[in-house]
Each structure stands twice: as C-alpha cells, then as structure tokens.
Amino acid sequence: MFRKSAVPAVSNGSYLQGQANGKLSSMGSGQPAQEGKVVLKKKVTLLRGISIIIGTIIGAGIFISPKGILKNTGSVGMSLTVWTVCGILSLFGALCYAELGTCIKKSGGHYTYILEAFGPLPAFVRVWVELLVIRPAATAVISLAFGRYILEPFFMQCEIPELAIKLITAVGITLVMVLNSTSVSWSARIQMFLTFCKLVAILIIVVPGVIQLIKGETQHFKNAFAGNDASVMGLPLAFYSGMYAYSGWFYLNFVTEEVENPEKNIPLAICISMIIVTVGYVLTNVAYFTTISAGELLLSKAVAVTFAERLMGSFSLAVPVFVALSCFGSMNGGIFAVSRMFFVASREGHLPEILSMIHVRKHTPLPAVIVLHPLTMIMLFNGDLYSLLNFLSFARWLFIGLVVAGLIYLRYKRPDMPRPFKVPLFIPALFSFTCLFMVALSLYSDPVNTGIGFAITLTGIPAYYLFIVWDNKPKWFRKLLGK
C-alpha cells in the first residue's frame, strides 16, 4: 500500500503513472520530470490562478459570522484594524510561497517545500494528517455550510432538518469530486464563475454600505476604538481568527506544475488575489457597521443575511444562494488543489502508488481526487467536525510556519538555487514568527484540544517508520497492505 520511493511501473489499465516513464523528479533539481507522455497539462492561466486563490479564500465566514474578531478586540475600530493587518500578514505569507513556487517548480505545496528543506519525515507527517483528518473534516464543514444555505430559501418559516442538510451536502461533495475527476478545464471554468459570484456577493454588501456612508450613517463609527478593552489573550485570538479567514492563499502552489509560465503567473496571481480579498474583506466589514451595531453583530447568526434584510427587503433571499455558491467554490478549489498534494506524495513514495496515476484521456489525477470521497462522507455523517478542526487548526499554522522557515533555511543551504522572484528576508522572518506565535498561543489558551491535535499529528511518526522505512515486513503484513 505504502512504499519507499522507487521506480514505478506503468499501469496496464486506464491510468498511467504520474510520470509515464517511471522516472521520479530529482529532489535536488526542484523540477518535475517531464519526459513522460501522460502528465498533468498546464491549463492554469493567470486568470484561473486568481480564481483558485480568491475562490478558496472567500468561503462562508465573511458572510455568516465575522464576529470572532469583534468579540476578541472589543471595538469596531480595532476589529477593522485587525482585518487590515491580517490581510497584510497573509500577503507576506503569500509572497513567501510565491518565491518557493518560482524556485521549486513542483506541485504539492506545503508537502513539497518541507520535503525539499527538511526531508521526508516531516513531509510525510504533513501529508498523513492532511489526508486522514484535516482535508476530509475541512471539506465536510464547508460543505455543510453549502447544504444549509442552499436550502435556506425553501425553509424560511421553519428550521431546516439536519438530515436534509447532510443529504444535500453529500450530493454537493459528490458533484465536486466528479467534476474534478472529469476535467481540469471544466473545474477551472466553474471555479472562475463561482469566484465571480463571490465578488458579486461582496459588491451586493459593499455598494449599499457605501451608499449608507454617503447618507451619513456613521453613528457606529463614532468613538470607534471605545468599548471593551481587548485582553492580552483576546487580541492574539482575534489575529488567529483573522488569519484563518484569509487562509487559502497557498492553494495555487499545490498545482505549480499545471500553471502556465509559473515564474510570472504565480507571483502575479498571488498579489492580485490578496489585494482584492483584503480590500473586499475590510470594505465588507465597514458596510456591516453602517447598518448593524457592534452589539447586534455579535448576536447575529448570519451577519450578511441580517444586513440584507434591513436594506434590501425581498432581495435578501438572494444572499443565502450567493453564500451557498461561495461555499461550493471553496469546496471545488480545495479539492482541486489538495488532490495534487496527494498525487505528488504518492509520486515520491509516501502514499499508495495508485494515487500517482493519471487518467489517460481526461488527464486528471482521478485516484487522488476520489480518495477523499469516502473519508469526507465518514466525517460528514459520523465525525465531530468542529472538534476535529479545533484539534488540528494549530497543525496548519505549525507546518506553514515550518515551510516559511524552510525558505530562510534554503537561502543558506542552497544559495545558488535560481530565484526568479525573491522577497526581502524580513518578510519570511516576520511571518514564520507570527505562525509559531499562534501555535504557542493555542498551546497556552486551549491545551486540551491542542494537545489532542498534537497527539494525532505525532501518529505520523510511527506510521512513517512502519510503512516507509521498515523494509523487512513479514509476509502476512505485506498481504495486508496489498503487496
């Protein structure tokens, strides 16, 4: 099932190995092998790259419940400041990934960069946790939001049955998996359309908000920094919530091998996307406060719906539909990107060999896509999703901080590596410190959940030695693994 990195054979069926001649890319070169005939094609243009980033960053959070930051900052002015600073910090992280994506031209994102900088063990632990828990749970959570809001217009007068939400969610997950298994071009086109819908939804909120400001509706901005003082613990937690809202800027690096002219398009797509998202997030929050007070925002279950009901009347019914489309776009972008991490990890010998197969006609990493379907369904119907995400949210920032620290390490380890795009050293230093500070904070503020997540992450270490390093496995164990 799992194997050490080796020269794989070509499949006899409808799929071929990721590199059809069986040659793995060189760890030292940073370049994927290009000699095989059956490869993932370069179909991600600049516009598609922008849609992948924006489409995965903007999910349901900005429309439903941006109150976490307000709750932990204590004032309108401070919450808007945190939204802005988190956008800038996320841009710093994205610029670091832009440098990595232009000097290490392999797909796989976090996994690939940790593998290049620190070796196979931490890289395996990263992909192990992503495959077993993080991605299925994250997909199930955003899919549940899709299911709830797509049904909202049909259940205006009553509570939506939980079973109905889960069933429509299961249909949505299956549809995304089929789409990404069938065609890279169509999944990218739909992602562009859904990104357009997200931006329209933000404009639907921002434009009336600007009109309210022109009318002089500024009462909620008076004494903007007055209110409950942010506690020593509250302000860092507000930054944690803000950074989570902006997370997703790294997804284009998961598909580097499919990006046209990556030296130019990856930095451009990242910069354009982060500017659009940051401006959109800040203006959306400003628009909310033109109509809703800080106290009302904290009590609202869905801020965008409350805002729309007050200003748009019957048109407010369109808001849940836009929120559902926004969630579907995040589902599609996440599956499209993360499946490439599993594809690359299999190609390097860290996951079952079948996950590095490419469909001969469709040129999609079909096994790497559909492997998530059963795991996500199990999470959807049986798992305590929000607890799992709480357990493992620290792991995301731990490994992202490790990746950016790896950028600094590679500057000294491999100074001659071509770097078409290079950021000033203070940017990765500041960002990696921020990530590691958030990890340390989570250990201090929530030691139980973080400790459980830490323990789940550590299971990757014995798994690595059991499945990858151990050569002399007994015959019964090999049979169990399908060898």
# chains A, B, ... in the order shown; residues from 1 in each chain; ligands from 1

$ residues_around --residues "region 314-317 of chain A" --least-positions-apart "5" --cutoff "9 Å" --atoms "only C-alpha atoms" --output "list in words"
Glu152, Pro153, Ala304, Val305, Thr306, Phe307, Ala308 and Glu309 of chain A

$ write_last_selection --atoms "N, CA, C and O atoms" --output "PDB file, in the first residue's frame"
ATOM      1  N   GLU A 152     -31.827  27.165   2.534  1.00  0.00           N
ATOM      2  CA  GLU A 152     -32.411  28.273   3.304  1.00  0.00           C
ATOM      3  C   GLU A 152     -33.653  28.896   2.659  1.00  0.00           C
ATOM      4  O   GLU A 152     -34.667  29.116   3.337  1.00  0.00           O
ATOM      5  N   PRO A 153     -33.655  29.201   1.333  1.00  0.00           N
ATOM      6  CA  PRO A 153     -34.850  29.819   0.745  1.00  0.00           C
ATOM      7  C   PRO A 153     -36.085  28.927   0.796  1.00  0.00           C
ATOM      8  O   PRO A 153     -37.209  29.432   0.687  1.00  0.00           O
ATOM      9  N   ALA A 304     -24.510  38.721   7.063  1.00  0.00           N
ATOM     10  CA  ALA A 304     -24.887  39.162   5.724  1.00  0.00           C
ATOM     11  C   ALA A 304     -26.392  39.099   5.525  1.00  0.00           C
ATOM     12  O   ALA A 304     -26.986  39.979   4.888  1.00  0.00           O
ATOM     13  N   VAL A 305     -27.034  38.079   6.071  1.00  0.00           N
ATOM     14  CA  VAL A 305     -28.487  37.946   5.946  1.00  0.00           C
ATOM     15  C   VAL A 305     -29.180  39.054   6.729  1.00  0.00           C
ATOM     16  O   VAL A 305     -30.138  39.678   6.240  1.00  0.00           O
ATOM     17  N   THR A 306     -28.713  39.338   7.955  1.00  0.00           N
ATOM     18  CA  THR A 306     -29.279  40.420   8.761  1.00  0.00           C
ATOM     19  C   THR A 306     -29.127  41.762   8.042  1.00  0.00           C
ATOM     20  O   THR A 306     -30.074  42.568   7.980  1.00  0.00           O
ATOM     21  N   PHE A 307     -27.945  42.006   7.475  1.00  0.00           N
ATOM     22  CA  PHE A 307     -27.672  43.238   6.729  1.00  0.00           C
ATOM     23  C   PHE A 307     -28.624  43.359   5.526  1.00  0.00           C
ATOM     24  O   PHE A 307     -29.227  44.422   5.300  1.00  0.00           O
ATOM     25  N   ALA A 308     -28.761  42.270   4.775  1.00  0.00           N
ATOM     26  CA  ALA A 308     -29.607  42.300   3.576  1.00  0.00           C
ATOM     27  C   ALA A 308     -31.081  42.504   3.921  1.00  0.00           C
ATOM     28  O   ALA A 308     -31.795  43.228   3.219  1.00  0.00           O
ATOM     29  N   GLU A 309     -31.538  41.882   4.990  1.00  0.00           N
ATOM     30  CA  GLU A 309     -32.943  42.024   5.385  1.00  0.00           C
ATOM     31  C   GLU A 309     -33.275  43.470   5.726  1.00  0.00           C
ATOM     32  O   GLU A 309     -34.392  43.941   5.476  1.00  0.00           O
TER      33      GLU A 309
END

$ closest_atom_pairs --of "region 238-269 of chain A" --to "region 434-452 of chain A" --cutoff "10 Å" --atoms "only C-alpha atoms" --output "tab-separated table"
residue	atom	partner	partner_atom	distance
A:Phe239	CA	A:Met438	CA	8.5
A:Tyr240	CA	A:Met438	CA	6.6
A:Met243	CA	A:Cys435	CA	9.4

$ select_by_dssp --residues "region 152-322 of chain A" --states "alpha helix (DSSP H)" --output "PyMOL selection string"
chain A and resi 162-182+184-214+234-246+262-291+294-299+303-312+318-322

$ closest_atom_pairs --of "region 104-140 of chain A" --to "region 335-354 of chain A" --cutoff "9 Å" --atoms "only C-alpha atoms" --output "JSON lines"
{"residue": "A:Lys106", "atom": "CA", "partner": "A:Val344", "partner_atom": "CA", "distance": 8.3}
{"residue": "A:Ser107", "atom": "CA", "partner": "A:Arg340", "partner_atom": "CA", "distance": 6.6}
{"residue": "A:Gly108", "atom": "CA", "partner": "A:Met341", "partner_atom": "CA", "distance": 4.0}
{"residue": "A:Gly109", "atom": "CA", "partner": "A:Met341", "partner_atom": "CA", "distance": 6.7}
{"residue": "A:His110", "atom": "CA", "partner": "A:Met341", "partner_atom": "CA", "distance": 8.2}
{"residue": "A:Tyr111", "atom": "CA", "partner": "A:Met341", "partner_atom": "CA", "distance": 6.8}
{"residue": "A:Thr112", "atom": "CA", "partner": "A:Val344", "partner_atom": "CA", "distance": 7.8}
{"residue": "A:Pro120", "atom": "CA", "partner": "A:His350", "partner_atom": "CA", "distance": 8.4}
{"residue": "A:Ala123", "atom": "CA", "partner": "A:Ala345", "partner_atom": "CA", "distance": 8.7}
{"residue": "A:Phe124", "atom": "CA", "partner": "A:His350", "partner_atom": "CA", "distance": 6.3}
{"residue": "A:Val127", "atom": "CA", "partner": "A:Phe342", "partner_atom": "CA", "distance": 7.2}
{"residue": "A:Trp128", "atom": "CA", "partner": "A:Leu351", "partner_atom": "CA", "distance": 8.6}
{"residue": "A:Glu130", "atom": "CA", "partner": "A:Val338", "partner_atom": "CA", "distance": 8.8}
{"residue": "A:Leu131", "atom": "CA", "partner": "A:Phe342", "partner_atom": "CA", "distance": 7.7}
{"residue": "A:Arg135", "atom": "CA", "partner": "A:Val338", "partner_atom": "CA", "distance": 7.9}
{"residue": "A:Thr139", "atom": "CA", "partner": "A:Ile335", "partner_atom": "CA", "distance": 8.0}

$ closest_residue --among "A:Leu70, A:Ile50, A:Gly248, A:Thr278" --to "Leu298 (chain A)" --atoms "only C-alpha atoms"
A:Leu70
